[in-house]
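Chemist: What follows is target.pdb, PDB, C-alpha atoms and all ligand atoms.
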ATOM      1  CA  MET A 995     192.020 -86.010  36.952
ATOM      2  CA  LYS A 996     193.276 -82.646  38.197
ATOM      3  CA  CYS A 997     196.938 -81.941  38.773
ATOM      4  CA  THR A 998     197.840 -81.828  42.475
ATOM      5  CA  ARG A 999     200.462 -79.172  41.895
ATOM      6  CA  CYS A1000     198.980 -76.672  39.407
ATOM      7  CA  ASN A1001     195.281 -77.738  39.426
ATOM      8  CA  SER A1002     195.274 -78.038  35.622
ATOM      9  CA  GLY A1003     192.852 -80.519  34.040
ATOM     10  CA  ASP A1004     195.199 -81.479  31.219
ATOM     11  CA  CYS A1005     196.540 -84.729  32.693
ATOM     12  CA  ILE A1006     197.012 -88.169  31.131
ATOM     13  CA  LYS A1007     197.518 -91.659  32.541
ATOM     14  CA  LYS A1008     201.158 -92.639  32.495
ATOM     15  CA  GLY A1009     202.068 -95.969  34.052
ATOM     16  CA  ILE A1010     201.495 -97.635  37.393
ATOM     17  CA  GLN A1011     203.326 -96.742  40.595
ATOM     18  CA  ASN A1012     202.988 -98.643  43.905
ATOM     19  CA  ASN A1013     199.946-100.478  42.479
ATOM     20  CA  LYS A1014     198.188 -97.130  41.899
ATOM     21  CA  GLN A1015     197.464 -95.325  38.640
ATOM     22  CA  ARG A1016     200.106 -92.720  37.902
ATOM     23  CA  PHE A1017     199.270 -89.490  36.075
ATOM     24  CA  TYR A1018     201.343 -86.967  34.154
ATOM     25  CA  CYS A1019     200.486 -83.262  33.964
ATOM     26  CA  LYS A1020     201.048 -81.758  30.530
ATOM     27  CA  ASP A1021     201.121 -78.220  31.904
ATOM     28  CA  CYS A1022     203.720 -78.410  34.677
ATOM     29  CA  GLY A1023     205.279 -81.780  33.791
ATOM     30  CA  SER A1024     204.810 -83.349  37.220
ATOM     31  CA  TYR A1025     203.877 -86.943  37.992
ATOM     32  CA  PHE A1026     201.383 -87.877  40.689
ATOM     33  CA  GLN A1027     199.295 -90.820  41.838
ATOM     34  CA  SER A1028     195.512 -91.037  41.996
ATOM     35  CA  GLU A1029     195.761 -91.805  45.710
ATOM     36  CA  TYR A1030     198.548 -92.333  48.177
ATOM     37  CA  ALA A1031     199.029 -95.039  50.795
ATOM     38  CA  TYR A1032     201.416 -92.780  52.659
ATOM     39  CA  GLN A1033     199.343 -89.914  54.148
ATOM     40  CA  ALA A1034     202.217 -87.448  54.588
ATOM     41  CA  TYR A1035     202.812 -87.391  50.842
ATOM     42  CA  LYS A1036     199.550 -85.533  50.195
ATOM     43  CA  SER A1037     200.017 -81.952  49.085
ATOM     44  CA  GLY A1038     199.211 -79.482  51.838
ATOM     45  CA  THR A1039     200.637 -81.579  54.662
ATOM     46  CA  ASN A1040     203.439 -79.101  55.274
ATOM     47  CA  ASP A1041     200.972 -76.214  55.473
ATOM     48  CA  PHE A1042     198.851 -78.143  57.965
ATOM     49  CA  ILE A1043     201.899 -78.866  60.118
ATOM     50  CA  LYS A1044     202.918 -75.208  59.963
ATOM     51  CA  ASN A1045     199.477 -73.968  61.021
ATOM     52  CA  LEU A1046     199.022 -76.531  63.772
ATOM     53  CA  LEU A1047     202.452 -75.712  65.218
ATOM     54  CA  LYS A1048     201.351 -72.092  65.588
ATOM     55  CA  GLU A1049     198.102 -73.055  67.320
ATOM     56  CA  GLY A1050     199.519 -74.811  70.333
ATOM     57  CA  CYS A1051     199.550 -78.368  68.996
ATOM     58  CA  GLY A1052     202.325 -80.678  70.080
ATOM     59  CA  VAL A1053     204.230 -82.980  67.763
ATOM     60  CA  ARG A1054     202.307 -86.068  68.887
ATOM     61  CA  GLY A1055     199.005 -84.213  68.561
ATOM     62  CA  ILE A1056     199.805 -83.263  64.971
ATOM     63  CA  ALA A1057     200.800 -86.860  64.226
ATOM     64  CA  ARG A1058     197.425 -88.071  65.526
ATOM     65  CA  VAL A1059     195.370 -85.422  63.715
ATOM     66  CA  LEU A1060     197.061 -85.874  60.331
ATOM     67  CA  ASP A1061     197.427 -89.652  60.733
ATOM     68  CA  ILE A1062     201.169 -89.635  60.072
ATOM     69  CA  SER A1063     204.099 -90.685  62.212
ATOM     70  CA  LYS A1064     205.708 -88.559  64.903
ATOM     71  CA  ASN A1065     209.140 -88.861  63.283
ATOM     72  CA  THR A1066     207.712 -87.624  59.978
ATOM     73  CA  VAL A1067     206.347 -84.537  61.736
ATOM     74  CA  LEU A1068     209.742 -83.841  63.330
ATOM     75  CA  SER A1069     211.654 -84.248  60.065
ATOM     76  CA  ARG A1070     209.123 -82.045  58.261
ATOM     77  CA  VAL A1071     209.479 -79.366  60.965
ATOM     78  CA  LEU A1072     213.221 -79.209  60.310
ATOM     79  CA  LYS A1073     212.645 -79.155  56.551
ATOM     80  CA  ILE A1074     210.061 -76.355  56.695
ATOM     81  CA  ALA A1075     212.293 -74.285  58.990
ATOM     82  CA  SER A1076     215.314 -74.700  56.739
ATOM     83  CA  GLN A1077     213.341 -73.197  53.843
ATOM     84  CA  ILE A1078     212.423 -70.065  55.827
ATOM     85  CA  LYS A1079     214.798 -67.181  55.282
ATOM     86  CA  THR A1080     215.497 -64.660  58.011
ATOM     87  CA  PRO A1081     213.584 -61.543  56.913
ATOM     88  CA  TYR A1082     215.706 -58.534  56.175
ATOM     89  CA  PHE A1083     214.747 -55.737  58.544
ATOM     90  CA  ASN A1084     215.639 -52.464  56.859
ATOM     91  CA  LYS A1085     214.015 -49.702  58.907
ATOM     92  CA  PHE A1086     216.486 -47.512  60.752
ATOM     93  CA  GLY A1087     215.965 -45.354  63.822
ATOM     94  CA  CYS A1088     213.249 -47.530  65.410
ATOM     95  CA  LYS A1089     212.692 -48.409  69.058
ATOM     96  CA  PHE A1090     213.452 -51.963  70.144
ATOM     97  CA  GLU A1091     212.677 -54.110  73.166
ATOM     98  CA  VAL A1092     214.980 -56.933  74.246
ATOM     99  CA  ASP A1093     214.073 -59.600  76.760
ATOM    100  CA  GLU A1094     215.030 -63.075  77.857
ATOM    101  CA  MET A1095     212.688 -65.955  78.671
ATOM    102  CA  PHE A1096     213.378 -69.195  80.527
ATOM    103  CA  ILE A1097     212.875 -72.385  78.511
ATOM    104  CA  LYS A1098     213.113 -76.022  79.489
ATOM    105  CA  ILE A1099     215.285 -78.349  77.409
ATOM    106  CA  ALA A1100     215.663 -81.974  78.533
ATOM    107  CA  ASN A1101     219.104 -82.772  79.965
ATOM    108  CA  GLY A1102     220.117 -79.149  79.489
ATOM    109  CA  LYS A1103     223.402 -78.682  81.277
ATOM    110  CA  SER A1104     222.929 -75.071  82.253
ATOM    111  CA  HIS A1105     219.864 -72.861  82.395
ATOM    112  CA  ASN A1106     218.488 -72.237  78.965
ATOM    113  CA  TRP A1107     217.162 -68.895  77.889
ATOM    114  CA  LEU A1108     215.567 -67.524  74.781
ATOM    115  CA  VAL A1109     216.880 -64.024  74.109
ATOM    116  CA  TYR A1110     215.121 -62.027  71.423
ATOM    117  CA  ALA A1111     214.506 -58.506  70.192
ATOM    118  CA  ILE A1112     211.339 -57.000  68.733
ATOM    119  CA  GLU A1113     210.648 -53.720  66.996
ATOM    120  CA  GLN A1114     208.214 -51.861  69.220
ATOM    121  CA  LYS A1115     205.682 -50.645  66.647
ATOM    122  CA  THR A1116     205.275 -53.649  64.333
ATOM    123  CA  LYS A1117     206.249 -56.252  66.971
ATOM    124  CA  SER A1118     208.307 -58.062  64.345
ATOM    125  CA  VAL A1119     211.108 -60.206  65.693
ATOM    126  CA  VAL A1120     214.505 -58.949  64.543
ATOM    127  CA  SER A1121     216.673 -61.708  65.959
ATOM    128  CA  PHE A1122     216.584 -64.522  68.509
ATOM    129  CA  ILE A1123     219.043 -66.932  70.104
ATOM    130  CA  ILE A1124     218.923 -69.802  72.603
ATOM    131  CA  GLY A1125     221.661 -70.059  75.203
ATOM    132  CA  ASN A1126     222.582 -69.242  78.774
ATOM    133  CA  ARG A1127     222.036 -65.781  80.196
ATOM    134  CA  SER A1128     225.562 -64.545  79.630
ATOM    135  CA  THR A1129     227.205 -61.561  77.982
ATOM    136  CA  GLU A1130     228.190 -63.585  74.879
ATOM    137  CA  THR A1131     224.616 -64.735  74.209
ATOM    138  CA  LEU A1132     223.016 -61.338  74.805
ATOM    139  CA  LYS A1133     225.703 -59.585  72.757
ATOM    140  CA  GLN A1134     224.799 -61.524  69.598
ATOM    141  CA  VAL A1135     221.235 -60.201  69.695
ATOM    142  CA  ILE A1136     222.225 -56.681  70.789
ATOM    143  CA  ASP A1137     224.847 -56.430  68.014
ATOM    144  CA  LYS A1138     222.190 -57.194  65.384
ATOM    145  CA  VAL A1139     219.928 -54.510  66.865
ATOM    146  CA  LEU A1140     222.770 -51.965  67.026
ATOM    147  CA  LEU A1141     223.416 -52.489  63.292
ATOM    148  CA  LEU A1142     219.927 -51.040  62.669
ATOM    149  CA  ASN A1143     220.962 -47.726  64.208
ATOM    150  CA  PRO A1144     218.237 -47.809  66.924
ATOM    151  CA  LYS A1145     216.715 -44.740  68.507
ATOM    152  CA  LYS A1146     216.144 -46.482  71.857
ATOM    153  CA  ILE A1147     216.634 -49.969  73.272
ATOM    154  CA  TYR A1148     214.381 -50.916  76.168
ATOM    155  CA  THR A1149     215.428 -53.775  78.444
ATOM    156  CA  ASP A1150     214.738 -55.095  81.927
ATOM    157  CA  ARG A1151     217.076 -54.467  84.857
ATOM    158  CA  LEU A1152     219.529 -57.293  84.155
ATOM    159  CA  ASN A1153     222.969 -55.874  84.914
ATOM    160  CA  ILE A1154     224.635 -57.223  81.737
ATOM    161  CA  TYR A1155     222.816 -54.792  79.428
ATOM    162  CA  PRO A1156     224.562 -51.554  80.521
ATOM    163  CA  THR A1157     227.940 -53.109  79.608
ATOM    164  CA  ILE A1158     226.952 -53.855  75.979
ATOM    165  CA  ILE A1159     224.473 -51.093  75.055
ATOM    166  CA  PRO A1160     225.636 -47.460  74.674
ATOM    167  CA  ARG A1161     224.311 -45.416  77.554
ATOM    168  CA  GLU A1162     222.559 -42.711  75.522
ATOM    169  CA  ILE A1163     220.158 -45.120  73.754
ATOM    170  CA  HIS A1164     219.599 -47.549  76.632
ATOM    171  CA  LYS A1165     216.430 -47.229  78.719
ATOM    172  CA  ARG A1166     215.314 -49.453  81.584
ATOM    173  CA  PHE A1167     212.407 -48.254  83.660
ATOM    174  CA  GLN A1168     209.268 -49.969  84.838
ATOM    175  CA  TYR A1169     206.693 -50.975  82.157
ATOM    176  CA  CYS A1170     209.031 -50.101  79.254
ATOM    177  CA  THR A1171     209.153 -53.733  78.131
ATOM    178  CA  ASN A1172     205.391 -54.301  78.217
ATOM    179  CA  LYS A1173     205.109 -55.336  74.553
ATOM    180  CA  ILE A1174     207.790 -57.999  74.688
ATOM    181  CA  GLU A1175     206.499 -59.311  78.026
ATOM    182  CA  ARG A1176     203.100 -59.766  76.366
ATOM    183  CA  MET A1177     204.846 -61.536  73.490
ATOM    184  CA  ASN A1178     206.405 -63.923  76.017
ATOM    185  CA  LEU A1179     202.880 -64.839  77.055
ATOM    186  CA  ASN A1180     201.881 -65.376  73.413
ATOM    187  CA  LEU A1181     204.796 -67.756  72.978
ATOM    188  CA  ARG A1182     203.747 -69.690  76.074
ATOM    189  CA  MET A1183     200.172 -69.875  74.763
ATOM    190  CA  HIS A1184     200.865 -70.708  71.104
ATOM    191  CA  ILE A1185     203.874 -73.000  71.306
ATOM    192  CA  LYS A1186     203.128 -76.280  73.034
ATOM    193  CA  ARG A1187     206.705 -77.028  74.005
ATOM    194  CA  LEU A1188     207.001 -73.704  75.840
ATOM    195  CA  SER A1189     203.744 -73.908  77.818
ATOM    196  CA  ARG A1190     204.187 -73.911  81.568
ATOM    197  CA  LYS A1191     202.777 -76.188  84.267
ATOM    198  CA  THR A1192     202.507 -79.035  81.767
ATOM    199  CA  ILE A1193     204.823 -81.932  81.030
ATOM    200  CA  CYS A1194     205.637 -80.515  77.588
ATOM    201  CA  PHE A1195     209.270 -79.774  76.937
ATOM    202  CA  THR A1196     211.873 -79.885  74.189
ATOM    203  CA  ARG A1197     214.246 -82.818  73.909
ATOM    204  CA  ASN A1198     216.603 -81.285  71.399
ATOM    205  CA  GLN A1199     217.442 -77.638  70.914
ATOM    206  CA  LYS A1200     217.381 -77.817  67.101
ATOM    207  CA  TYR A1201     213.654 -78.629  67.114
ATOM    208  CA  LEU A1202     212.903 -75.663  69.352
ATOM    209  CA  GLU A1203     214.919 -73.366  67.060
ATOM    210  CA  ALA A1204     213.049 -74.706  64.027
ATOM    211  CA  HIS A1205     209.703 -74.267  65.774
ATOM    212  CA  LEU A1206     210.500 -70.657  66.746
ATOM    213  CA  ARG A1207     211.627 -69.865  63.192
ATOM    214  CA  ILE A1208     208.297 -71.113  61.878
ATOM    215  CA  TYR A1209     206.384 -69.178  64.533
ATOM    216  CA  PHE A1210     208.250 -65.907  64.048
ATOM    217  CA  TRP A1211     208.864 -65.825  60.313
ATOM    218  CA  GLY A1212     207.012 -68.731  58.690
TER     219      GLY A1212
HETATM  220 ZN    ZN B   1     200.313 -79.585  36.763
END
Give the structure from this file in structure tokens form.

Modeler:
Amino acid sequence: MKCTRCNSGDCIKKGIQNNKQRFYCKDCGSYFQSEYAYQAYKSGTNDFIKNLLKEGCGVRGIARVLDISKNTVLSRVLKIASQIKTPYFNKFGCKFEVDEMFIKIANGKSHNWLVYAIEQKTKSVVSFIIGNRSTETLKQVIDKVLLLNPKKIYTDRLNIYPTIIPREIHKRFQYCTNKIERMNLNLRMHIKRLSRKTICFTRNQKYLEAHLRIYFWG
């Protein structure tokens, strides 16, 4: 019997658990069963969920493919996202693009928007936030970008930006936000709950935040 965690062959039988043979790994000291009745307990389930989430699968689709329950998928999504740390972006003097995208959240009181900033060359996401399209929401993203001492910030023609970005680094002309507009399309293609002209939508904002964390940084 090979260890499910470290793949070592040095395992011995050690007791019975849930009417299945239990094993003990002498190398890493972990216990595991020969087989599991509960499919989600198999190692690799979290990686499958992570990959499927990035390939445009919905929560119910993942539950059907992996033969586990929908609520398990949702709780795992939150768990995976909580383990992802926000990457530390440490390059100064780069060019950034900031944009906002409309998203649908069930029973959302006001309009909901995803505001995020990407570095133009590597297209890595520096920061994102979900909220209404107001100065307070935009300012949280812009402040994080301004900390990185940017060379230029490109935005669309929304009239809130000139009030929060210093004039000498702010640019807003046609086609200057091409990269982030393309990224918006990627999000709509790769994240099921953001795809348009379907009946897919998010019920609770925390799941959307978790999903975006996994997509951007997972
Ligand atoms: Zn082991």

Chemist: Distance table requested - stretch 1126-1176 of chain A against stretch 1086-1107 of chain A, cut-off 7 Å, only C-alpha atoms: one row per qualifying residue with the closest atom pair and its distance in Å to one decimal, ordered by chain and rising residue number, as CSV.

Modeler:
residue,atom,partner,partner_atom,distance
A:Asn1126,CA,A:Asn1106,CA,5.1
A:Arg1127,CA,A:Trp1107,CA,6.2
A:Leu1142,CA,A:Phe1086,CA,5.3
A:Asn1143,CA,A:Gly1087,CA,5.5
A:Pro1144,CA,A:Gly1087,CA,4.6
A:Lys1145,CA,A:Gly1087,CA,4.8
A:Lys1146,CA,A:Lys1089,CA,4.8
A:Ile1147,CA,A:Phe1090,CA,4.9
A:Tyr1148,CA,A:Glu1091,CA,4.7
A:Thr1149,CA,A:Val1092,CA,5.3
A:Asp1150,CA,A:Asp1093,CA,6.9
A:Thr1171,CA,A:Glu1091,CA,6.1
A:Ile1174,CA,A:Glu1091,CA,6.4

Chemist: Residues picked by the PyMOL selection byres (((chain A and resi 1021-1030) around 9) and not hetatm) here, as a list of chain:residue names?

Modeler: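 With the PyMOL selection byres (((chain A and resi 1021-1030) around 9) and not hetatm) on this model, the match is A:Met995, A:Cys997, A:Thr998, A:Arg999, A:Cys1000, A:Ser1002, A:Gly1003, A:Asp1004, A:Cys1005, A:Lys1008, A:Ile1010, A:Gln1011, A:Asn1012, A:Lys1014, A:Gln1015, A:Arg1016, A:Phe1017, A:Tyr1018, A:Cys1019, A:Lys1020, A:Ala1031, A:Tyr1032, A:Gln1033, A:Ala1034, A:Tyr1035, A:Lys1036.
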
Chemist: Would you kindly return, as a short mmCIF file (atom, residue, chain, number, x, y, z; two decimals) with C-alpha atoms, keeping the file's coordinate frame, each protein, DNA or RNA residue with an atom no farther than 6 Å from any atom of stretch 1179-1193 of chain A, considering only C-alpha atoms and excluding same-chain residues fewer than 5 positions away?

Modeler:
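To be explicit, this is the file written out as out10.cif:
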data_model
loop_
_atom_site.label_atom_id
_atom_site.label_comp_id
_atom_site.auth_asym_id
_atom_site.auth_seq_id
_atom_site.Cartn_x
_atom_site.Cartn_y
_atom_site.Cartn_z
CA LYS A 1048 201.35 -72.09 65.59
CA GLU A 1049 198.10 -73.06 67.32
CA GLY A 1050 199.52 -74.81 70.33
CA CYS A 1051 199.55 -78.37 69.00
CA GLY A 1052 202.32 -80.68 70.08
#

Chemist: How big is the axis-aligned box, and where does its centre sit, when it encloses all atoms of stretch 1058-1071 of chain A listed in the file and has 3 Å added on every side, reported in Å to one decimal as lines of an AutoDock Vina configuration file?

Modeler:
center_x = 203.5
center_y = -85.0
center_z = 61.9
size_x = 22.3
size_y = 17.3
size_z = 13.3

Chemist: Rank A:Ile1136, A:Ile1006, A:Ala1075, A:Ile1112 by their smallest atom-to-atom distance to ligand ZN 1 (chain B), using all atoms listed in the file, and report the top residue only.

Modeler: A:Ile1006

Chemist: Just checking: using all atoms listed in the file, which residue out of A:Val1109, A:Leu1140, A:Val1067, A:Lys1079 ends up closest to A:His1164?

Modeler: A:Leu1140

Chemist: With distances taken over only C-alpha atoms, which residue among A:Leu1132, A:Ile1123, A:Ala1111, A:Leu1060 lies nearest A:Leu1206?

Modeler: A:Ile1123

Chemist: Hey, can you check how far atom CA of A:Ile1124 sits from atom CA of A:Gln1168?

Modeler: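 It comes out at 25.2 Å.
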
Chemist: Let me make sure I understand: among A:Lys996, A:Ile1159, A:Leu1046, A:Tyr1110, which one has the smallest atom-to-atom distance to ligand ZN 1 (chain B) if we use only C-alpha atoms and all ligand atoms?

Modeler: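 Going through A:Lys996, A:Ile1159, A:Leu1046, A:Tyr1110 one by one, the smallest distance to ligand ZN 1 (chain B) is for A:Lys996.
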
Chemist: Taking the file above as input, evaluate the PyMOL selection byres (((chain A and resi 1074) around 9) and not hetatm) and report the hits as a ChimeraX atom specification.

Modeler: /A:1040,1044,1069-1073,1075-1078,1204,1208,1212

Chemist: I need the residues from that last selection saved to file as a PDB file, in the frame of the given file (with C-alpha atoms), if you can.

Modeler:
ATOM      1  CA  ASN A1040     203.439 -79.101  55.274  1.00  0.00           C
ATOM      2  CA  LYS A1044     202.918 -75.208  59.963  1.00  0.00           C
ATOM      3  CA  SER A1069     211.654 -84.248  60.065  1.00  0.00           C
ATOM      4  CA  ARG A1070     209.123 -82.045  58.261  1.00  0.00           C
ATOM      5  CA  VAL A1071     209.479 -79.366  60.965  1.00  0.00           C
ATOM      6  CA  LEU A1072     213.221 -79.209  60.310  1.00  0.00           C
ATOM      7  CA  LYS A1073     212.645 -79.155  56.551  1.00  0.00           C
ATOM      8  CA  ALA A1075     212.293 -74.285  58.990  1.00  0.00           C
ATOM      9  CA  SER A1076     215.314 -74.700  56.739  1.00  0.00           C
ATOM     10  CA  GLN A1077     213.341 -73.197  53.843  1.00  0.00           C
ATOM     11  CA  ILE A1078     212.423 -70.065  55.827  1.00  0.00           C
ATOM     12  CA  ALA A1204     213.049 -74.706  64.027  1.00  0.00           C
ATOM     13  CA  ILE A1208     208.297 -71.113  61.878  1.00  0.00           C
ATOM     14  CA  GLY A1212     207.012 -68.731  58.690  1.00  0.00           C
TER      15      GLY A1212
END

Chemist: Work out how far atom CA of A:Phe1083 is from atom CA of A:Leu1202, in Å to one decimal.

Modeler: 22.7 Å

Chemist: Please compute the atom CA of A:Ile1154-atom CA of A:Arg1176 distance, one decimal, in Å.

Modeler: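 For atom CA of A:Ile1154 relative to atom CA of A:Arg1176, the distance reads 22.3 Å.
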
Chemist: Of the candidates A:Gly1009, A:Ile1163, A:Asn1198, A:Gln1114, which one gets nearest to A:Glu1175 if we count only C-alpha atoms?

Modeler: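 Selected residue with least distance to A:Glu1175: A:Gln1114.
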
Chemist: So which one's closest to ligand ZN 1 (chain B), A:Asn1084, A:Ser1121, A:Lys1007, A:Asn1001? Using only C-alpha atoms and all ligand atoms, please.

Modeler: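 Checking each candidate against ligand ZN 1 (chain B), we get A:Asn1001 as the closest.
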